[in-house]
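Peer 1: Below you'll find entry_16.cif; it's mmCIF, C-alpha atoms and all ligand atoms.
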data_structure
loop_
_atom_site.label_atom_id
_atom_site.label_comp_id
_atom_site.auth_asym_id
_atom_site.auth_seq_id
_atom_site.Cartn_x
_atom_site.Cartn_y
_atom_site.Cartn_z
CA MET A 1 26.43 7.43 37.28
CA ARG A 2 23.92 8.25 34.63
CA THR A 3 24.82 11.87 34.03
CA ASN A 4 26.83 12.81 30.97
CA SER A 5 27.84 16.00 29.31
CA LEU A 6 24.62 16.10 27.35
CA ILE A 7 24.69 16.66 23.63
CA GLU A 8 22.95 19.99 23.39
CA ASP A 9 19.22 19.31 23.15
CA PHE A 10 19.42 15.72 21.87
CA ASP A 11 15.84 14.62 22.20
CA LEU A 12 14.29 11.28 21.24
CA TYR A 13 10.99 13.13 20.83
CA ASP A 14 12.29 15.83 18.53
CA HIS A 15 10.54 15.68 15.14
CA LYS A 16 13.90 16.30 13.48
CA ILE A 17 15.07 12.78 14.26
CA ASP A 18 12.06 11.26 12.49
CA SER A 19 13.48 12.25 9.14
CA ASP A 20 17.21 12.65 9.76
CA PRO A 21 18.72 11.14 12.91
CA PHE A 22 22.14 10.64 11.27
CA PRO A 23 23.97 13.82 12.38
CA TRP A 24 22.93 13.02 15.98
CA TYR A 25 24.11 9.46 15.65
CA GLN A 26 27.57 10.64 14.64
CA ILE A 27 27.90 12.67 17.85
CA LEU A 28 26.54 9.81 19.92
CA ARG A 29 29.00 7.30 18.44
CA ASP A 30 32.02 9.58 18.73
CA GLU A 31 31.38 11.37 22.01
CA HIS A 32 28.72 9.46 23.96
CA PRO A 33 28.78 5.79 22.96
CA CYS A 34 26.83 4.94 26.11
CA TYR A 35 24.42 7.85 26.39
CA TRP A 36 21.83 8.50 29.07
CA CYS A 37 18.97 10.14 27.21
CA GLU A 38 16.96 12.30 29.61
CA SER A 39 14.06 12.81 27.25
CA GLY A 40 13.45 9.09 26.85
CA ASN A 41 14.66 8.06 30.30
CA ILE A 42 16.72 5.44 28.55
CA TRP A 43 20.29 4.58 27.55
CA ILE A 44 21.31 4.69 23.89
CA LEU A 45 23.99 2.45 22.37
CA SER A 46 25.16 3.54 18.94
CA ARG A 47 28.51 1.93 18.04
CA TYR A 48 28.36 -1.16 15.87
CA ASP A 49 30.27 -3.50 18.21
CA ASP A 50 28.16 -2.50 21.24
CA VAL A 51 24.82 -2.76 19.44
CA ALA A 52 25.68 -6.08 17.78
CA ALA A 53 26.92 -7.53 21.08
CA ALA A 54 23.80 -6.35 22.93
CA ALA A 55 21.49 -7.74 20.24
CA GLN A 56 23.09 -11.16 20.69
CA ASP A 57 23.14 -11.11 24.49
CA TRP A 58 19.45 -11.66 25.31
CA ARG A 59 20.30 -12.82 28.83
CA THR A 60 21.54 -9.32 29.70
CA PHE A 61 19.43 -7.32 27.23
CA SER A 62 15.92 -8.67 27.68
CA SER A 63 12.95 -8.09 25.36
CA LEU A 64 10.41 -9.26 27.91
CA LYS A 65 9.23 -5.74 28.75
CA GLY A 66 8.81 -4.91 25.08
CA ASN A 67 11.12 -3.91 22.25
CA LEU A 68 9.52 -0.58 21.34
CA VAL A 69 10.87 2.51 23.09
CA ASP A 70 7.25 3.45 23.86
CA GLU A 71 5.70 0.03 24.17
CA ILE A 72 2.13 -0.70 23.09
CA PRO A 73 0.10 -1.76 26.17
CA GLY A 74 -0.84 -5.44 26.36
CA ARG A 75 1.81 -6.63 23.91
CA SER A 76 4.79 -7.51 26.12
CA GLY A 77 5.31 -11.21 26.72
CA GLY A 78 2.92 -12.24 23.95
CA THR A 79 4.82 -11.71 20.69
CA LEU A 80 8.10 -12.85 19.19
CA GLY A 81 9.68 -9.44 19.65
CA THR A 82 8.60 -9.16 23.30
CA THR A 83 9.67 -12.52 24.71
CA ASP A 84 12.99 -14.08 25.70
CA PRO A 85 14.01 -17.71 25.32
CA PRO A 86 12.78 -20.31 26.06
CA ARG A 87 9.29 -18.89 25.37
CA HIS A 88 10.60 -16.90 22.40
CA ASP A 89 12.17 -19.99 20.83
CA ARG A 90 8.90 -21.88 21.10
CA LEU A 91 6.90 -19.04 19.48
CA ARG A 92 9.52 -18.61 16.78
CA ALA A 93 9.63 -22.32 15.94
CA LEU A 94 5.84 -22.36 15.53
CA ALA A 95 5.84 -19.30 13.25
CA GLN A 96 9.04 -20.06 11.35
CA ALA A 97 7.79 -22.54 8.75
CA ALA A 98 5.74 -19.94 6.91
CA PHE A 99 8.79 -17.70 6.48
CA LEU A 100 11.37 -20.26 5.33
CA LYS A 101 12.99 -19.30 2.04
CA LYS A 102 11.80 -22.47 0.31
CA ASN A 103 8.18 -21.72 1.23
CA LEU A 104 8.27 -18.19 -0.14
CA ASP A 105 8.67 -18.57 -3.90
CA HIS A 106 4.93 -18.24 -4.26
CA VAL A 107 5.02 -14.56 -3.20
CA VAL A 108 6.78 -13.31 -6.33
CA GLU A 109 3.99 -13.75 -8.87
CA PRO A 110 1.25 -12.11 -6.74
CA THR A 111 3.68 -9.28 -5.92
CA LEU A 112 4.21 -8.62 -9.62
CA GLN A 113 0.46 -8.63 -10.20
CA LEU A 114 -0.06 -6.13 -7.39
CA ALA A 115 2.81 -4.00 -8.74
CA ASP A 116 1.38 -3.99 -12.27
CA LYS A 117 -2.05 -2.94 -11.02
CA ALA A 118 -0.55 -0.14 -8.91
CA ILE A 119 1.64 1.04 -11.81
CA ASP A 120 -1.35 1.12 -14.21
CA ASN A 121 -3.08 3.42 -11.75
CA ILE A 122 0.04 5.57 -11.28
CA LYS A 123 0.53 5.92 -15.04
CA ALA A 124 -3.05 7.10 -15.41
CA LYS A 125 -2.41 9.78 -12.75
CA GLY A 126 1.08 11.04 -13.62
CA SER A 127 1.60 12.52 -10.16
CA PHE A 128 1.42 10.06 -7.32
CA ASP A 129 2.19 9.32 -3.70
CA PHE A 130 4.64 6.40 -3.71
CA VAL A 131 3.54 5.40 -0.18
CA ALA A 132 -0.22 5.31 -0.77
CA ASP A 133 -0.18 4.36 -4.45
CA PHE A 134 2.64 1.84 -4.52
CA SER A 135 4.36 0.58 -1.37
CA SER A 136 1.15 0.32 0.71
CA GLU A 137 -0.71 -1.33 -2.17
CA ILE A 138 1.97 -4.00 -2.49
CA THR A 139 2.61 -4.67 1.19
CA VAL A 140 -0.98 -4.66 2.44
CA GLY A 141 -1.98 -6.77 -0.57
CA ILE A 142 0.73 -9.38 -0.18
CA ILE A 143 0.71 -9.61 3.62
CA PHE A 144 -3.06 -9.94 3.74
CA GLN A 145 -2.81 -12.71 1.13
CA LEU A 146 -0.10 -14.47 3.14
CA LEU A 147 -2.15 -14.32 6.32
CA GLY A 148 -5.41 -15.16 4.56
CA LEU A 149 -7.11 -11.88 5.55
CA PRO A 150 -9.78 -10.34 3.30
CA PRO A 151 -8.52 -7.46 1.10
CA ARG A 152 -8.73 -3.99 2.64
CA ASN A 153 -8.29 -0.42 1.40
CA SER A 154 -4.47 -0.32 1.48
CA ALA A 155 -3.87 3.35 2.25
CA GLU A 156 -6.45 3.25 5.06
CA MET A 157 -4.94 0.05 6.45
CA ARG A 158 -1.42 1.44 6.36
CA ASN A 159 -2.61 4.55 8.21
CA LYS A 160 -4.16 2.40 10.94
CA VAL A 161 -0.94 0.46 11.26
CA VAL A 162 1.10 3.66 11.38
CA LEU A 163 -1.11 4.99 14.19
CA SER A 164 -0.62 1.71 16.07
CA ILE A 165 3.15 2.17 16.23
CA SER A 166 3.38 5.98 16.42
CA THR A 167 4.57 8.07 19.33
CA ASP A 168 2.85 11.17 20.65
CA LYS A 169 5.84 13.49 20.79
CA LYS A 170 4.12 16.02 23.03
CA ALA A 171 3.05 13.37 25.53
CA ARG A 172 6.48 11.73 25.14
CA GLY A 173 4.97 8.33 24.67
CA ARG A 174 1.72 6.71 23.68
CA ASN A 175 -1.75 8.20 23.96
CA ALA A 176 -5.30 6.84 24.03
CA GLU A 177 -5.86 7.31 20.30
CA LEU A 178 -2.72 5.33 19.40
CA ASP A 179 -3.58 2.55 21.86
CA ALA A 180 -7.13 2.39 20.46
CA ALA A 181 -5.75 1.97 16.92
CA PHE A 182 -3.74 -1.10 18.00
CA ALA A 183 -6.69 -2.50 20.01
CA ASN A 184 -8.87 -2.06 16.94
CA LEU A 185 -6.41 -3.94 14.77
CA SER A 186 -6.11 -6.76 17.32
CA GLN A 187 -9.92 -7.04 17.48
CA MET A 188 -10.06 -7.38 13.69
CA ILE A 189 -7.50 -10.20 13.87
CA SER A 190 -9.22 -11.82 16.84
CA ASP A 191 -12.46 -12.03 14.80
CA GLU A 192 -10.55 -13.66 11.95
CA VAL A 193 -8.93 -16.20 14.31
CA ALA A 194 -12.38 -17.11 15.66
CA VAL A 195 -13.61 -17.76 12.09
CA ARG A 196 -10.67 -20.13 11.45
CA ARG A 197 -11.33 -22.02 14.66
CA GLN A 198 -14.76 -22.83 13.17
CA THR A 199 -13.57 -23.41 9.61
CA PRO A 200 -9.83 -23.96 9.10
CA ARG A 201 -8.35 -22.59 5.85
CA ASP A 202 -5.12 -22.91 3.95
CA ASP A 203 -3.55 -19.75 5.36
CA LEU A 204 -0.97 -18.59 7.90
CA ILE A 205 -3.48 -17.73 10.64
CA THR A 206 -4.89 -21.27 10.51
CA LYS A 207 -1.33 -22.67 10.51
CA LEU A 208 -0.48 -20.59 13.58
CA ALA A 209 -3.69 -21.62 15.34
CA GLU A 210 -3.03 -25.30 14.61
CA ALA A 211 0.77 -25.42 14.81
CA GLU A 212 2.03 -27.92 17.33
CA ILE A 213 5.50 -28.83 18.61
CA ASP A 214 5.75 -31.71 21.08
CA GLY A 215 2.07 -31.32 21.89
CA ASP A 216 2.52 -27.60 22.58
CA ARG A 217 0.24 -25.08 20.82
CA LEU A 218 -0.03 -21.28 20.79
CA THR A 219 -2.64 -19.81 23.11
CA GLU A 220 -5.48 -17.71 21.64
CA ARG A 221 -3.72 -14.51 22.83
CA GLU A 222 -0.45 -15.61 21.24
CA VAL A 223 -2.11 -16.35 17.89
CA VAL A 224 -3.85 -12.95 17.89
CA LEU A 225 -0.79 -10.98 19.02
CA THR A 226 1.59 -12.85 16.72
CA THR A 227 -0.71 -12.26 13.74
CA SER A 228 -1.19 -8.60 14.71
CA MET A 229 2.56 -8.19 14.78
CA PHE A 230 2.87 -9.74 11.32
CA VAL A 231 0.39 -7.13 10.11
CA VAL A 232 2.05 -4.24 11.95
CA ALA A 233 5.70 -5.23 11.43
CA GLY A 234 4.97 -6.42 7.92
CA VAL A 235 2.94 -3.49 6.65
CA GLU A 236 4.78 -0.68 8.42
CA SER A 237 8.36 -1.93 8.15
CA LEU A 238 8.05 -3.22 4.61
CA SER A 239 6.07 -0.35 3.07
CA SER A 240 8.36 2.18 4.75
CA PHE A 241 11.47 0.34 3.69
CA MET A 242 10.29 0.12 0.09
CA SER A 243 9.52 3.85 0.15
CA ILE A 244 12.97 4.67 1.54
CA LEU A 245 14.58 2.53 -1.16
CA ALA A 246 12.57 4.44 -3.78
CA LEU A 247 13.72 7.73 -2.26
CA ASN A 248 17.34 6.53 -2.39
CA LEU A 249 16.93 5.53 -6.03
CA HIS A 250 15.49 8.96 -6.72
CA ASP A 251 18.36 10.72 -4.97
CA PHE A 252 21.18 8.52 -6.29
CA THR A 253 20.67 8.53 -10.04
CA GLU A 254 23.72 6.40 -10.82
CA ALA A 255 22.46 3.61 -8.59
CA ARG A 256 19.06 3.78 -10.26
CA GLN A 257 20.55 3.66 -13.74
CA SER A 258 22.77 0.72 -12.90
CA LEU A 259 19.72 -1.18 -11.62
CA GLN A 260 17.88 -0.42 -14.83
CA ILE A 261 20.77 -1.93 -16.79
CA ASP A 262 21.14 -4.91 -14.46
CA PRO A 263 18.11 -5.75 -12.27
CA ALA A 264 20.18 -8.50 -10.58
CA ARG A 265 21.78 -5.68 -8.59
CA MET A 266 18.49 -5.02 -6.77
CA MET A 267 19.31 -7.46 -3.94
CA PRO A 268 22.63 -5.71 -3.11
CA ALA A 269 20.81 -2.36 -3.37
CA ILE A 270 18.25 -3.62 -0.85
CA ASP A 271 21.04 -4.53 1.57
CA GLU A 272 22.72 -1.17 1.13
CA SER A 273 19.45 0.64 1.84
CA LEU A 274 18.91 -1.53 4.91
CA ARG A 275 22.33 -0.37 6.08
CA TYR A 276 22.25 3.22 4.92
CA ASN A 277 18.90 4.61 6.09
CA THR A 278 16.40 1.89 6.87
CA SER A 279 12.97 2.24 8.48
CA ALA A 280 13.66 0.11 11.59
CA GLN A 281 16.06 2.48 13.34
CA ARG A 282 15.89 1.78 17.07
CA PHE A 283 14.65 -1.02 19.35
CA LYS A 284 14.54 -1.34 23.12
CA ARG A 285 15.84 -3.85 25.64
CA VAL A 286 15.77 -3.87 29.46
CA LEU A 287 18.87 -4.81 31.48
CA THR A 288 18.68 -7.90 33.66
CA ARG A 289 21.86 -6.93 35.56
CA ASP A 290 24.14 -3.96 36.18
CA LEU A 291 26.56 -3.35 33.33
CA ASP A 292 29.59 -1.07 32.92
CA LEU A 293 30.28 0.29 29.46
CA HIS A 294 32.44 3.18 28.22
CA GLY A 295 32.88 4.46 31.78
CA LYS A 296 29.15 4.44 32.58
CA THR A 297 27.26 2.10 34.87
CA MET A 298 23.89 1.01 33.58
CA ARG A 299 21.62 -0.50 36.22
CA GLU A 300 19.46 -3.61 36.23
CA GLY A 301 15.97 -2.58 35.09
CA ASP A 302 17.21 0.33 32.96
CA GLY A 303 15.92 0.57 29.39
CA VAL A 304 18.51 0.55 26.60
CA VAL A 305 17.99 1.60 22.97
CA LEU A 306 19.87 -0.49 20.42
CA ALA A 307 20.28 2.11 17.68
CA TYR A 308 20.64 -0.21 14.69
CA GLY A 309 20.48 2.77 12.32
CA ALA A 310 23.42 4.43 14.11
CA ALA A 311 25.49 1.24 14.21
CA ASN A 312 24.97 0.84 10.47
CA ARG A 313 26.75 4.17 9.91
CA ASP A 314 29.69 3.40 12.20
CA GLU A 315 32.97 4.01 10.36
CA ARG A 316 34.59 1.59 12.81
CA LYS A 317 32.69 -1.12 10.91
CA PHE A 318 31.85 0.26 7.44
CA GLU A 319 34.24 2.25 5.26
CA ASN A 320 32.82 5.63 4.17
CA PRO A 321 29.55 4.82 5.93
CA ASP A 322 27.78 7.99 4.78
CA VAL A 323 28.20 7.02 1.13
CA TYR A 324 25.32 5.11 -0.50
CA ASP A 325 27.06 2.44 -2.58
CA ILE A 326 25.03 -0.45 -3.94
CA ALA A 327 28.25 -2.33 -4.79
CA ARG A 328 29.36 -2.26 -1.15
CA ASN A 329 28.15 -5.70 0.09
CA PRO A 330 27.56 -4.48 3.66
CA GLN A 331 27.93 -7.80 5.42
CA GLY A 332 26.81 -7.83 9.03
CA HIS A 333 24.53 -4.78 8.70
CA LEU A 334 21.84 -4.54 11.35
CA GLY A 335 18.91 -3.54 9.13
CA PHE A 336 17.12 -6.72 10.17
CA GLY A 337 18.63 -6.80 13.66
CA MET A 338 20.87 -9.64 14.89
CA GLY A 339 20.71 -12.65 17.21
CA LYS A 340 17.55 -14.29 18.49
CA HIS A 341 15.26 -11.49 17.30
CA PHE A 342 16.66 -11.26 13.78
CA CYS A 343 13.71 -10.30 11.59
CA ILE A 344 11.61 -13.35 10.75
CA GLY A 345 10.27 -11.54 7.68
CA ASN A 346 13.71 -10.91 6.11
CA HIS A 347 13.54 -13.31 3.13
CA PHE A 348 9.94 -12.39 2.49
CA SER A 349 10.78 -8.66 2.53
CA ARG A 350 13.73 -9.12 0.18
CA LEU A 351 11.73 -11.14 -2.33
CA VAL A 352 8.75 -8.77 -2.34
CA THR A 353 10.92 -5.65 -2.54
CA GLU A 354 13.11 -7.06 -5.30
CA ALA A 355 10.14 -8.07 -7.46
CA ALA A 356 8.13 -4.89 -6.85
CA MET A 357 10.97 -2.39 -7.28
CA ASN A 358 12.40 -4.01 -10.40
CA ARG A 359 8.95 -3.91 -11.98
CA PHE A 360 8.55 -0.27 -10.90
CA LEU A 361 11.87 0.77 -12.48
CA GLU A 362 11.12 -1.20 -15.63
CA ARG A 363 7.75 0.47 -16.18
CA ILE A 364 8.54 3.91 -14.70
CA PRO A 365 12.17 4.43 -15.70
CA SER A 366 12.25 8.13 -14.85
CA PHE A 367 10.53 9.83 -11.94
CA GLY A 368 11.02 13.00 -9.94
CA MET A 369 9.68 14.57 -6.76
CA GLN A 370 6.77 16.99 -6.70
CA THR A 371 8.17 18.51 -3.50
CA ARG A 372 10.78 17.74 -0.89
CA GLU A 373 8.33 18.87 1.80
CA PHE A 374 6.66 15.75 3.12
CA ASP A 375 5.92 14.44 6.62
CA TRP A 376 7.55 11.58 8.47
CA VAL A 377 5.82 9.21 10.88
CA SER A 378 6.10 10.44 14.45
CA SER A 379 8.00 7.64 16.15
CA SER A 380 10.71 6.93 18.68
CA ASN A 381 11.57 3.72 16.80
CA PHE A 382 10.96 4.06 13.09
CA ARG A 383 11.96 6.31 10.21
CA SER A 384 9.09 6.23 7.78
CA PRO A 385 7.85 8.75 5.24
CA MET A 386 4.12 9.47 5.64
CA THR A 387 3.93 10.29 1.94
CA LEU A 388 6.38 10.42 -0.96
CA PRO A 389 5.10 12.87 -3.57
CA PHE A 390 6.56 11.66 -6.90
CA LYS A 391 5.76 12.44 -10.52
CA ILE A 392 6.52 10.57 -13.72
CA ASN A 393 9.06 12.45 -15.83
C1 LIG A 401 12.21 -4.39 5.05
C2 LIG A 401 11.29 -4.60 5.95
C3 LIG A 401 11.59 -4.96 7.37
C4 LIG A 401 12.55 -4.45 8.21
C5 LIG A 401 13.57 -3.36 7.90
C6 LIG A 401 12.43 -5.16 9.48
C7 LIG A 401 13.27 -4.97 10.56
C8 LIG A 401 13.25 -5.73 11.72
C9 LIG A 401 14.19 -5.62 12.80
C10 LIG A 401 15.35 -4.65 12.87
C11 LIG A 401 13.86 -6.54 13.74
C12 LIG A 401 14.58 -6.80 15.07
C13 LIG A 401 13.80 -6.19 16.23
C14 LIG A 401 14.53 -6.28 17.55
O1 LIG A 401 15.77 -6.38 17.58
O2 LIG A 401 13.87 -6.19 18.61
C15 LIG A 401 12.69 -7.25 13.26
C16 LIG A 401 12.04 -8.24 13.91
C17 LIG A 401 10.83 -8.78 13.49
N1 LIG A 401 10.22 -8.57 12.28
FE1 LIG A 401 10.88 -7.41 10.78
N2 LIG A 401 11.41 -6.05 9.38
C18 LIG A 401 10.87 -5.96 8.12
C19 LIG A 401 9.83 -6.71 7.61
C20 LIG A 401 9.08 -7.61 8.32
C21 LIG A 401 7.97 -8.37 7.80
C22 LIG A 401 7.46 -8.30 6.37
C23 LIG A 401 7.48 -9.12 8.84
C24 LIG A 401 6.33 -10.07 8.89
C25 LIG A 401 5.45 -10.30 7.97
C26 LIG A 401 8.31 -8.85 9.99
C27 LIG A 401 8.13 -9.40 11.23
C28 LIG A 401 9.04 -9.28 12.26
C29 LIG A 401 8.89 -9.98 13.54
C30 LIG A 401 7.72 -10.86 13.94
C31 LIG A 401 10.02 -9.67 14.30
C32 LIG A 401 10.38 -10.20 15.69
C33 LIG A 401 11.24 -11.44 15.50
C34 LIG A 401 11.70 -12.06 16.80
O3 LIG A 401 11.72 -11.37 17.80
O4 LIG A 401 12.03 -13.27 16.80
N3 LIG A 401 9.27 -7.94 9.64
N4 LIG A 401 12.35 -6.72 12.01
#
Please express the file's structure as structure tokens.
Ligand code: HEM

Peer 2:
Amino acid sequence: MRTNSLIEDFDLYDHKIDSDPFPWYQILRDEHPCYWCESGNIWILSRYDDVAAAAQDWRTFSSLKGNLVDEIPGRSGGTLGTTDPPRHDRLRALAQAAFLKKNLDHVVEPTLQLADKAIDNIKAKGSFDFVADFSSEITVGIIFQLLGLPPRNSAEMRNKVVLSISTDKKARGRNAELDAAFANLSQMISDEVAVRRQTPRDDLITKLAEAEIDGDRLTEREVVLTTSMFVVAGVESLSSFMSILALNLHDFTEARQSLQIDPARMMPAIDESLRYNTSAQRFKRVLTRDLDLHGKTMREGDGVVLAYGAANRDERKFENPDVYDIARNPQGHLGFGMGKHFCIGNHFSRLVTEAAMNRFLERIPSFGMQTREFDWVSSSNFRSPMTLPFKIN
């Protein structure tokens, strides 16, 4: 039975949930832990134990048909996030080396250089958009360096990436413009892969194209899609996360001041922001068998949303979950997911965010908002500010 006593007008395509899904999550967790969402034609799991268990049970909760609620055409089965083992394990092993902690120390210095350049520009302006002028500058800059892609206009690039992962709320899904943005991005990457086939370089794309395990190599499509996902996941998730962290540090003055006294607290603050109100809110799986949960029967082939953002606010797991507390040590949070699909970019994101945000706070110790009225990316998965209008105080 799919029917439930519906939460009045809960709607995955309501713009309200782009910015603030948390009041809805509370109702879902307490009253409808296994919720059939009519608007998305999909189940939603929101309690910590259920979401964590589902994330680790890839045999029942498959990613093969995509992990975005409104999947981008042509992506399923070709990327890390849209494959199951054993294919997933093979792709992951080939991509993993570049993201190992010991191979990432080299990202700190270039991140600081990018941060200093962005801050010089911000200081000259006084009023600034944190997303365009800071977080996009850092993330596009550093991810393009990592991949070995030529530098691009960061704000423009971030906008392309945002379009690639957006949802058309009216159409309740994707539309031709959004699909074209992703196709455009993939074409750009495909051209770059072709160049490296001719002339290998010391960069991640070349490593992916040449990586070999037991004589097995990635296909052309896998190299292009995997690289595209590094650009999309990297630029969108990381720039949005950094922006949300900045918003938290604006809103919670004590936390900001304590970081200014002791920058070593930035890592715990990053974890608390990943728990409290991260960018990567919801991912999809498809059931490979019927499953009973909380009195509901979900059927094989049904889509299921793992609401990581809701699970991270579950008081059954975290004490006072609606309090932002950088001293909390929120072990087990799902900001980077869990299980086989745990974010491959997690160390990289932590290092880049720590370096960039500490430099930001050091050089711009006091900042305010020009206005609280700003847009959020239209998405059934992500929670990302389009802009963040700040000013130096
Ligand atoms: C703070 C920033 C980031 C956040 C919050 C984030 C969050 C996540 C989450 C929640 C997942 C799990 C998805 C699922 O369960 O289906 C994931 C997977 C993934 N992320 Fe990230 N991510 C971030 C940064 C990055 C970066 C910088 C990259 C690459 C450069 C990246 C690449 C990926 C990839 C490829 C996967 C799929 C991994 C797999 O399926 O094995 N992410 N990310």

Peer 1: Provide the CA of Ala171 in chain A to atom C25 of ligand LIG 401 (chain A) distance in Å, to one decimal place.

Peer 2: 29.6 Å

Peer 1: What's the separation between CA of Ser366 in chain A and CA of Phe130 in chain A, in Å to one decimal place?

Peer 2: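 Computing the Euclidean distance for CA of Ser366 in chain A and CA of Phe130 in chain A yields 13.6 Å.
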
Peer 1: List all protein, DNA and RNA residues that have at least one atom no more than 6 Å from any atom of ligand LIG 401 (chain A), counting all atoms listed in the file, and write them as a PyMOL selection string.

Peer 2: chain A and resi 67+80-81+92+229-230+233-234+237-238+241+279-280+283+335-337+340-346+349

Peer 1: Just to confirm, what's the straight-line distance from CA of Ser154 in chain A to CA of Val377 in chain A in Å (one decimal)?

Peer 2: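 Distance reported for this atom pair: 16.9 Å.
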
Peer 1: Could you check the closest approach to Pro365 in chain A for each of A:Met338, A:Ala55, A:Ala194, A:Ile392 and tell me which residue wins, using only C-alpha atoms?

Peer 2: A:Ile392

Peer 1: Find, counting only C-alpha atoms, the residue in A:Asp375, A:Arg363, A:Phe318, A:Ser243 that gets nearest to Ala118 in chain A.

Peer 2: A:Arg363

Peer 1: In terms of the shortest atom-to-atom distance over only C-alpha atoms, which of A:Ala155, A:Met386, A:Leu204, A:Met357 is closest to Leu112 in chain A?

Peer 2: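 That would be A:Met357, the residue with the smallest distance to Leu112 in chain A.
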
Peer 1: Can you tell me, as a PyMOL selection string, what residues are no more than 10 Å from range 17-31 of chain A when counting all atoms listed in the file, ignoring any on the same chain fewer than 5 positions away?

Peer 2: chain A and resi 5-7+10-12+44-48+276-277+279+281+307+309-311+313-316+322+374-385

Peer 1: Which of these residues is nearest to Met157 in chain A, using all atoms listed in the file: A:Phe134, A:Gly77, A:Glu236, A:Arg372?

Peer 2: A:Glu236

Peer 1: Generate the coordinates of N, CA and C atoms for range 316-330 of chain A; report them as an mmCIF file, in the frame of the given file.

Peer 2:
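Result went into out-v3.cif, see below:
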data_model
loop_
_atom_site.group_PDB
_atom_site.id
_atom_site.type_symbol
_atom_site.label_atom_id
_atom_site.label_comp_id
_atom_site.auth_asym_id
_atom_site.auth_seq_id
_atom_site.Cartn_x
_atom_site.Cartn_y
_atom_site.Cartn_z
ATOM 1 N N ARG A 316 33.738 2.635 12.239
ATOM 2 C CA ARG A 316 34.590 1.590 12.810
ATOM 3 C C ARG A 316 34.265 0.236 12.179
ATOM 4 N N LYS A 317 33.106 0.135 11.546
ATOM 5 C CA LYS A 317 32.690 -1.120 10.910
ATOM 6 C C LYS A 317 32.626 -0.997 9.372
ATOM 7 N N PHE A 318 32.059 0.110 8.883
ATOM 8 C CA PHE A 318 31.850 0.260 7.440
ATOM 9 C C PHE A 318 32.679 1.433 6.915
ATOM 10 N N GLU A 319 33.437 1.182 5.862
ATOM 11 C CA GLU A 319 34.240 2.250 5.260
ATOM 12 C C GLU A 319 33.320 3.288 4.608
ATOM 13 N N ASN A 320 33.652 4.546 4.721
ATOM 14 C CA ASN A 320 32.820 5.630 4.170
ATOM 15 C C ASN A 320 31.329 5.373 4.393
ATOM 16 N N PRO A 321 30.917 5.275 5.649
ATOM 17 C CA PRO A 321 29.550 4.820 5.930
ATOM 18 C C PRO A 321 28.465 5.768 5.432
ATOM 19 N N ASP A 322 28.817 7.053 5.216
ATOM 20 C CA ASP A 322 27.780 7.990 4.780
ATOM 21 C C ASP A 322 27.618 8.014 3.262
ATOM 22 N N VAL A 323 28.355 7.123 2.592
ATOM 23 C CA VAL A 323 28.200 7.020 1.130
ATOM 24 C C VAL A 323 27.243 5.873 0.820
ATOM 25 N N TYR A 324 26.257 6.147 -0.050
ATOM 26 C CA TYR A 324 25.320 5.110 -0.500
ATOM 27 C C TYR A 324 25.951 4.416 -1.700
ATOM 28 N N ASP A 325 26.310 3.146 -1.522
ATOM 29 C CA ASP A 325 27.060 2.440 -2.580
ATOM 30 C C ASP A 325 26.473 1.036 -2.728
ATOM 31 N N ILE A 326 25.728 0.842 -3.820
ATOM 32 C CA ILE A 326 25.030 -0.450 -3.940
ATOM 33 C C ILE A 326 25.991 -1.600 -4.267
ATOM 34 N N ALA A 327 27.265 -1.264 -4.547
ATOM 35 C CA ALA A 327 28.250 -2.330 -4.790
ATOM 36 C C ALA A 327 28.994 -2.692 -3.502
ATOM 37 N N ARG A 328 28.578 -2.148 -2.381
ATOM 38 C CA ARG A 328 29.360 -2.260 -1.150
ATOM 39 C C ARG A 328 29.393 -3.678 -0.544
ATOM 40 N N ASN A 329 28.275 -4.410 -0.609
ATOM 41 C CA ASN A 329 28.150 -5.700 0.090
ATOM 42 C C ASN A 329 28.341 -5.517 1.605
ATOM 43 N N PRO A 330 27.384 -4.850 2.243
ATOM 44 C CA PRO A 330 27.560 -4.480 3.660
ATOM 45 C C PRO A 330 27.281 -5.635 4.617
#
